[in-house]
Each structure stands twice: as structure tokens, then as C-alpha cells.
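Peer 1: Supplied in C-alpha cells, the structure appears directly below.
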Amino acid sequence: MPTDHVRLFIPGPSEVRAELRQAQAKPMIGHRSAAFSDLFARIQKKLRQVFYTNSRVYVSTSSGTGVWDAASRNCIRPDKKVLHVINGSFSERWAYTSQANGKQVVAIDLEWGKAVRGEMIRETLQSGGFDAVAFVHNETSTGAMSPLEEIAEVVKEFPDVLLLVDAVSSAAGVKIEVDRLGIDVLVTSSQKCFALPPGLALAPVSDRALERAKVVPYRGYYFDFLALEESLLKNQTPTTPAISLMFALDQELDDMLAEGLDARFARHIELARLTQQWVRDNGFELFPEPEFSSYTVTTVRNTRGIDIAALNQYLKARGMQISNGYGKLKDKTFRIAHMGDVTRAEMEELLGCMTAYLEEKAPSAAAAK
Ligand SMILES: *Cc1c(COP(=O)(O)O)cnc(C)c1O
């Protein structure tokens, strides 16, 4: 059946279900209306469940990157430092964001594909003078998912250091208990595991982070935590938000809770295992260290040297799309996303189609098996 609809198996934007696309088409409401405050309050309550937090979750009309700026600007005093751990493209850009905001950045530079570990953070923090640690939980560029629990335990040894976590491509796909782990700012975007269109960032923020913001000058305007907080207490946002996206978010949160959060997280693990098995069965290797291979995106080392663009052409003709490697990893790796609302049947269809491509178009490489 010919179709224009190419289903996305790329690590953002994720495929958006028709119900969620349609939820955006509700009639517009004013952002200072009671109807909006009701919507905001409903969303807030459900977001706290998804993030396992009793404090607030800011809903920002921006992509996730906006909250990088927010975290950098609100959480680090001018005479203190922020530790950024860099293990791929997104963590590199977040470190740059802190620098661009005039912050003193200390970076630990890891080889791409490596996971962030608690011990390396402890060693650096021991030198003193840090206000925050920032790292990317799930490096979408390499497919490495770092052990959040281990890192959080280490950061708790340093009571004045805030924990800033980019979980853009893992939150709502992987269980992250914000309060228990002591995460001060978590950032995620609507278009990854929430499986919504792009345009919203969701950010649980702790009381500690708010207290810090009070003593940090030049927090800017759009992402000032204290301004966001003042509005949130009235179930509002400081400026006009992406209301249509919030309609879709309200629906998606209902659907997530109906699926059950634990079932949702288990589904992501199951689909990651299925994909990792396909990688091994077809003579490829995982790019990251296998024990840190992500639950939401599998980055495959192109050990068979296949033509990834041609594979994607083949898939597109069948209404599906995966991702080439990111930046310098293009053609050396490719990425299969299994995040959001994707089902086992859909994953099996994709992987079956990829197997068929290899058998038809890359038989010489099959000798590598
Ligand atoms: C996609 C992504 C980002 C960027 O998010 P935007 O919503 O595009 O700003 C940041 N970090 C990670 C890990 C990502 O996967």
C-alpha cells in the first residue's frame, strides 16, 4: 500500500500517534482563563507522577535546549564552577551553553560511547568550588546510557553541589525517580519519549535549585526560575505557552498512566533487548559499552560497512525511517530508536524489514555472519 506517512524510528522527533496529533486541534483557549489553569493543574499533577517528584515541573515553551540555558543561568554563582562531563555531542553542547552564559566550566572529556561514572565525578568535585554537576543521562549521539543512580549517590556526598541532568531522550521511557535521586534540575523535551510533537520542554526543579536561583545574578528573563515559579503557583506560565501542545500532553499523560508507568518502562527495556539481539544476529556490534547500551536508542557500529543511506531509502519505500550516525559517527554507526509509544509489533516489522534489506542488498557482507 503506497503511503506518504513515514513512521519515525529516529531518536527525535518520535512518531506521534494520530490521537495525539488530533488532540492539538481543540479550540483555542486564553492562557489567563480558568480553562487554562485547569489544564495546567491537571498536567502538573500527572507530570509529578511521571517524574516521581513532589515538587514542581516547569512546562517551558521551548525545545529542551532552552532548559540547558535555564539550568546554567539559575544554578551557578559567578564565583563558583560547574562540572560538565562530556561523552558525546549533546553533553559537549551543554558544556558550551554554560560557557556561553559566562559560567566557569570544568570539563571531564570522555571518549564518545563511554558512560559517565560516579568515581570520575567524585575525584573532580573533591577539588572544591563547585556549584553544580551537569551531565547527559542518555547520550543520544552515541547510545550510551550512564548509571544515574551511581552518579546521584556520589553527588549526594557534596551537599552544596546541585545535580543537573539532561534526560531529554530517556525521561518517560526509563524510570527516573527525581526526588529519591536528589536531582535538582531534570530536562526533557516533548518530542522524544513523550512521543509528542516538538515545542515543549518539561523540567522538574527542586526547592534547592530555587533557593540557589535567589542568590544567582543575571538569570535572564525567559527562563528565570523565580518568574516561572511565581506563575506556576497560579497554574499559569509567564508568557503565552504552546497551548495546543499542552492539550496533546494532557492526553498523552492520561495514556501513559493508563498503560502504567512500570509497564511503559518495561516495554522500553524489552524493545531495547529485541533490537540488541537483532544487532548480534546480523553481524553488527553495539557502539557503546554493551552494559551501558541505551533502553531508548540503539547505536550500532557499522561493522558490515553497509550503505546506510541506501538502507534508509529501502525502509522509506516501506513507510519507515531510522537514523544515520550523529556528526562524526555518520556512516560509521546508525541509530535505531525505540522510544515513546512504539509497540513490539512495530519494532518487529522494522527489524524484519532491515533483515530483508541485508539479505537482498548486502549478501556479500552477510559473509561476516
Ligand atoms: C534531542 C536532545 C537534545 C536537544 O533537545 P531539543 O529539544 O532539540 O532542544 C538534548 N539532549 C539530548 C540528550 C537529546 O537527545
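Identifiers in this document derive from the order of the C-alpha cells: chains are assigned A, B, ..., residues are numbered from 1 separately in each chain, and ligands are numbered from 1 in order of occurrence.
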If the limit is 6 Å from any atom of ligand 1, counting only C-alpha atoms and all ligand atoms, which residues qualify? Return them as a VMD selection string.

Peer 2: chain A and resid 63 to 65 90 136 138 to 140 168 to 169 189

Peer 1: Can you check which residues of range 240-321 of chain A DSSP gives as helix (DSSP H, G or I) on the backbone and send them as a count of residues only?

Peer 2: 50

Peer 1: Please give the complete set of residues from range 159-222 of chain A that DSSP, run on the backbone, assigns to strand (DSSP E or B), formatted as a ChimeraX atom specification.

Peer 2: /A:162-166,171,174,185-189,201-205

Peer 1: Give the answer as one residue: which of A:Asn101, A:Gln277, A:Leu210, A:Leu350 has the shortest atom-to-atom distance to Glu230 in chain A, using only C-alpha atoms?

Peer 2: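 That would be A:Leu210, the residue with the smallest distance to Glu230 in chain A.
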
Peer 1: Between A:Ser231, A:Ser141, A:Thr333, A:Gln22, single out the one closest to Glu252 in chain A, counting only C-alpha atoms.

Peer 2: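 Smallest distance to Glu252 in chain A is found for A:Gln22.
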
Peer 1: Need the shell around Trp112 in chain A: protein/DNA/RNA residues with any atom at most 12 Å away, counting only C-alpha atoms. Skip same-chain ones fewer than 5 positions apart. Format as a list of chain:residue names?

Peer 2: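 Listed by chain and then number, they are A:Val85, A:Ile86, A:Asn87, A:Gly88, A:Ser89, A:Phe90, A:Ser91, A:Glu92, A:Glu139, A:Thr140, A:Ser141, A:Thr142, A:Gly143, A:Ala144, A:Met145, A:Phe287, A:Pro288, A:Glu289, A:Thr299, A:Tyr326, A:Gly327, A:Lys328, A:Leu329.
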
Peer 1: For those residues, write C-alpha atoms to a file as a CSV table (one decimal), in the first residue's frame.

Peer 2:
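Result saved to part-v2.csv:
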```csv
chain,number,residue,atom,x,y,z
A,85,VAL,CA,31.0,15.6,31.8
A,86,ILE,CA,31.3,15.3,28.0
A,87,ASN,CA,30.8,11.9,26.4
A,88,GLY,CA,29.1,12.8,23.1
A,89,SER,CA,27.7,15.7,21.1
A,90,PHE,CA,24.8,16.7,23.4
A,91,SER,CA,26.9,16.9,26.5
A,92,GLU,CA,29.5,18.8,24.6
A,139,GLU,CA,23.7,10.4,25.1
A,140,THR,CA,21.6,10.2,22.0
A,141,SER,CA,24.6,10.7,19.8
A,142,THR,CA,26.3,7.5,21.0
A,143,GLY,CA,23.6,5.4,22.5
A,144,ALA,CA,25.3,5.3,25.9
A,145,MET,CA,23.1,5.5,29.0
A,287,PHE,CA,28.7,1.1,19.6
A,288,PRO,CA,28.6,1.9,23.4
A,289,GLU,CA,29.9,-0.5,26.1
A,299,THR,CA,23.5,2.8,18.3
A,326,TYR,CA,25.4,11.5,14.6
A,327,GLY,CA,28.0,14.0,13.5
A,328,LYS,CA,31.4,12.4,13.2
A,329,LEU,CA,29.8,9.0,13.7
```

Peer 1: Env of Lys316 in chain A: 10 Å cut, atoms = only C-alpha atoms, seq-sep filter 6 positions within chain, self excluded. Answer as a ChimeraX atom specification.

Peer 2: /A:3-8,310,322

Peer 1: Go through A:Ala95, A:Val174, A:Leu253, A:Ala167 one by one, measure the shortest atom-to-atom distance of each to Lys45 in chain A using only C-alpha atoms, and give the residue with the smallest value.

Peer 2: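 Closest candidate: A:Leu253.
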
Peer 1: Which is closer to Leu257 in chain A than all the others in A:Met28, A:Ile336, A:Ile43, A:Leu245, using only C-alpha atoms?

Peer 2: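 Looking at the shortest contact to Leu257 in chain A, the residue is A:Ile43.
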
Peer 1: Could you tell me which of A:Ser33, A:Gln49, A:Thr239, A:Ser98 comes closest to Arg77 in chain A if we count only C-alpha atoms?

Peer 2: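 Nearest to Arg77 in chain A: A:Ser98.
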
Peer 1: Can you pull out the residues contacting Ala25 in chain A? Cut-off 12 Å, using only C-alpha atoms, and skip same-chain residues under 3 positions away; I want them as a PDB file with C-alpha atoms, in the first residue's frame.

Peer 2:
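Final output, result-v6.pdb:
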```pdb
ATOM      1  CA  ALA A  18      -2.937  10.099  15.413  1.00  0.00           C
ATOM      2  CA  GLU A  19      -4.860  10.589  18.688  1.00  0.00           C
ATOM      3  CA  LEU A  20      -2.156  12.925  19.949  1.00  0.00           C
ATOM      4  CA  ARG A  21      -1.959  14.809  16.659  1.00  0.00           C
ATOM      5  CA  GLN A  22      -5.716  15.312  16.826  1.00  0.00           C
ATOM      6  CA  MET A  28      -8.035  27.649  21.430  1.00  0.00           C
ATOM      7  CA  ILE A  29      -8.437  28.978  24.967  1.00  0.00           C
ATOM      8  CA  ILE A 243      -1.429  25.618  24.430  1.00  0.00           C
ATOM      9  CA  SER A 244      -2.161  23.157  21.597  1.00  0.00           C
ATOM     10  CA  LEU A 245       0.827  21.068  22.625  1.00  0.00           C
ATOM     11  CA  MET A 246      -0.433  21.111  26.189  1.00  0.00           C
ATOM     12  CA  PHE A 247      -3.746  19.632  25.003  1.00  0.00           C
ATOM     13  CA  ALA A 248      -1.761  16.787  23.474  1.00  0.00           C
TER      14      ALA A 248
END
```

Peer 1: Which residue, A:Leu274, A:Ile306, A:Ala362, A:Met120, has the smallest gap to Thr343 in chain A when you use only C-alpha atoms?

Peer 2: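 Under the stated criterion, the closest residue is A:Leu274.
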
Peer 1: Neighbours of Leu233 in chain A within 12 Å (only C-alpha atoms; same-chain residues fewer than 6 positions away dropped), as a PDB file with all heavy atoms, in the first residue's frame?

Peer 2:
```
ATOM      1  N   SER A  37      -5.957  27.329  33.443  1.00  0.00           N
ATOM      2  CA  SER A  37      -5.429  26.956  34.765  1.00  0.00           C
ATOM      3  C   SER A  37      -5.818  25.526  35.128  1.00  0.00           C
ATOM      4  O   SER A  37      -5.022  24.802  35.732  1.00  0.00           O
ATOM      5  CB  SER A  37      -5.924  27.928  35.838  1.00  0.00           C
ATOM      6  OG  SER A  37      -5.282  29.174  35.657  1.00  0.00           O
ATOM      7  N   PHE A  40      -3.529  23.318  33.117  1.00  0.00           N
ATOM      8  CA  PHE A  40      -2.173  23.347  33.669  1.00  0.00           C
ATOM      9  C   PHE A  40      -2.099  22.519  34.959  1.00  0.00           C
ATOM     10  O   PHE A  40      -1.150  21.757  35.165  1.00  0.00           O
ATOM     11  CB  PHE A  40      -1.734  24.795  33.944  1.00  0.00           C
ATOM     12  CG  PHE A  40      -0.277  24.918  34.264  1.00  0.00           C
ATOM     13  CD1 PHE A  40       0.664  25.169  33.274  1.00  0.00           C
ATOM     14  CD2 PHE A  40       0.177  24.758  35.576  1.00  0.00           C
ATOM     15  CE1 PHE A  40       2.014  25.257  33.578  1.00  0.00           C
ATOM     16  CE2 PHE A  40       1.532  24.843  35.882  1.00  0.00           C
ATOM     17  CZ  PHE A  40       2.447  25.094  34.878  1.00  0.00           C
ATOM     18  N   ALA A  41      -3.114  22.659  35.799  1.00  0.00           N
ATOM     19  CA  ALA A  41      -3.127  21.925  37.074  1.00  0.00           C
ATOM     20  C   ALA A  41      -3.203  20.410  36.826  1.00  0.00           C
ATOM     21  O   ALA A  41      -2.527  19.627  37.502  1.00  0.00           O
ATOM     22  CB  ALA A  41      -4.303  22.387  37.926  1.00  0.00           C
ATOM     23  N   GLN A  44       0.194  19.295  35.579  1.00  0.00           N
ATOM     24  CA  GLN A  44       1.175  19.367  36.664  1.00  0.00           C
ATOM     25  C   GLN A  44       1.099  18.126  37.563  1.00  0.00           C
ATOM     26  O   GLN A  44       2.116  17.506  37.884  1.00  0.00           O
ATOM     27  CB  GLN A  44       0.890  20.645  37.478  1.00  0.00           C
ATOM     28  CG  GLN A  44       1.906  20.986  38.527  1.00  0.00           C
ATOM     29  CD  GLN A  44       3.299  21.217  37.967  1.00  0.00           C
ATOM     30  OE1 GLN A  44       4.288  20.874  38.591  1.00  0.00           O
ATOM     31  NE2 GLN A  44       3.414  21.780  36.776  1.00  0.00           N
ATOM     32  N   SER A  55       7.837  18.059  44.103  1.00  0.00           N
ATOM     33  CA  SER A  55       7.995  19.496  43.855  1.00  0.00           C
ATOM     34  C   SER A  55       7.423  19.823  42.475  1.00  0.00           C
ATOM     35  O   SER A  55       6.529  19.146  42.010  1.00  0.00           O
ATOM     36  CB  SER A  55       9.444  19.940  44.053  1.00  0.00           C
ATOM     37  OG  SER A  55      10.318  19.110  43.363  1.00  0.00           O
ATOM     38  N   ARG A  56       7.909  20.824  41.826  1.00  0.00           N
ATOM     39  CA  ARG A  56       7.269  21.353  40.623  1.00  0.00           C
ATOM     40  C   ARG A  56       7.879  20.783  39.348  1.00  0.00           C
ATOM     41  O   ARG A  56       9.022  20.321  39.353  1.00  0.00           O
ATOM     42  CB  ARG A  56       7.418  22.873  40.605  1.00  0.00           C
ATOM     43  CG  ARG A  56       8.873  23.250  40.476  1.00  0.00           C
ATOM     44  CD  ARG A  56       9.270  24.525  41.153  1.00  0.00           C
ATOM     45  NE  ARG A  56       8.978  24.709  42.549  1.00  0.00           N
ATOM     46  CZ  ARG A  56       9.609  24.125  43.575  1.00  0.00           C
ATOM     47  NH1 ARG A  56      10.556  23.217  43.341  1.00  0.00           N
ATOM     48  NH2 ARG A  56       9.307  24.400  44.815  1.00  0.00           N
ATOM     49  N   VAL A  57       7.098  20.840  38.268  1.00  0.00           N
ATOM     50  CA  VAL A  57       7.625  20.515  36.937  1.00  0.00           C
ATOM     51  C   VAL A  57       7.296  21.698  36.025  1.00  0.00           C
ATOM     52  O   VAL A  57       6.130  21.959  35.732  1.00  0.00           O
ATOM     53  CB  VAL A  57       6.986  19.232  36.369  1.00  0.00           C
ATOM     54  CG1 VAL A  57       7.595  18.903  35.003  1.00  0.00           C
ATOM     55  CG2 VAL A  57       7.163  18.045  37.329  1.00  0.00           C
ATOM     56  N   TYR A  58       8.325  22.452  35.634  1.00  0.00           N
ATOM     57  CA  TYR A  58       8.072  23.571  34.720  1.00  0.00           C
ATOM     58  C   TYR A  58       7.782  23.031  33.331  1.00  0.00           C
ATOM     59  O   TYR A  58       8.396  22.063  32.876  1.00  0.00           O
ATOM     60  CB  TYR A  58       9.273  24.525  34.677  1.00  0.00           C
ATOM     61  CG  TYR A  58       9.514  25.219  36.006  1.00  0.00           C
ATOM     62  CD1 TYR A  58      10.799  25.361  36.515  1.00  0.00           C
ATOM     63  CD2 TYR A  58       8.446  25.727  36.745  1.00  0.00           C
ATOM     64  CE1 TYR A  58      11.012  25.992  37.736  1.00  0.00           C
ATOM     65  CE2 TYR A  58       8.660  26.347  37.976  1.00  0.00           C
ATOM     66  CZ  TYR A  58       9.934  26.471  38.464  1.00  0.00           C
ATOM     67  OH  TYR A  58      10.144  27.081  39.672  1.00  0.00           O
ATOM     68  N   LEU A 226      12.592  31.926  39.159  1.00  0.00           N
ATOM     69  CA  LEU A 226      11.735  32.613  40.132  1.00  0.00           C
ATOM     70  C   LEU A 226      10.468  33.155  39.462  1.00  0.00           C
ATOM     71  O   LEU A 226       9.384  33.135  40.064  1.00  0.00           O
ATOM     72  CB  LEU A 226      12.520  33.717  40.842  1.00  0.00           C
ATOM     73  CG  LEU A 226      13.783  33.220  41.577  1.00  0.00           C
ATOM     74  CD1 LEU A 226      14.455  34.363  42.327  1.00  0.00           C
ATOM     75  CD2 LEU A 226      13.471  32.059  42.521  1.00  0.00           C
ATOM     76  N   ALA A 227      10.590  33.563  38.210  1.00  0.00           N
ATOM     77  CA  ALA A 227       9.414  34.028  37.465  1.00  0.00           C
ATOM     78  C   ALA A 227       8.519  32.837  37.096  1.00  0.00           C
ATOM     79  O   ALA A 227       7.283  32.906  37.200  1.00  0.00           O
ATOM     80  CB  ALA A 227       9.850  34.771  36.206  1.00  0.00           C
TER      81      ALA A 227
END
```

Peer 1: If you count only C-alpha atoms, which residues fall within 12 Å of Leu315 in chain A, apart from same-chain ones fewer than 3 positions away, as an NGL selection string?

Peer 2: :A and (5-9 or 308-312 or 318-323 or 349-358)

Peer 1: How many Å lie between CA of Glu177 in chain A and CA of Tyr52 in chain A, rounded to one decimal?

Peer 2: 4.9 Å
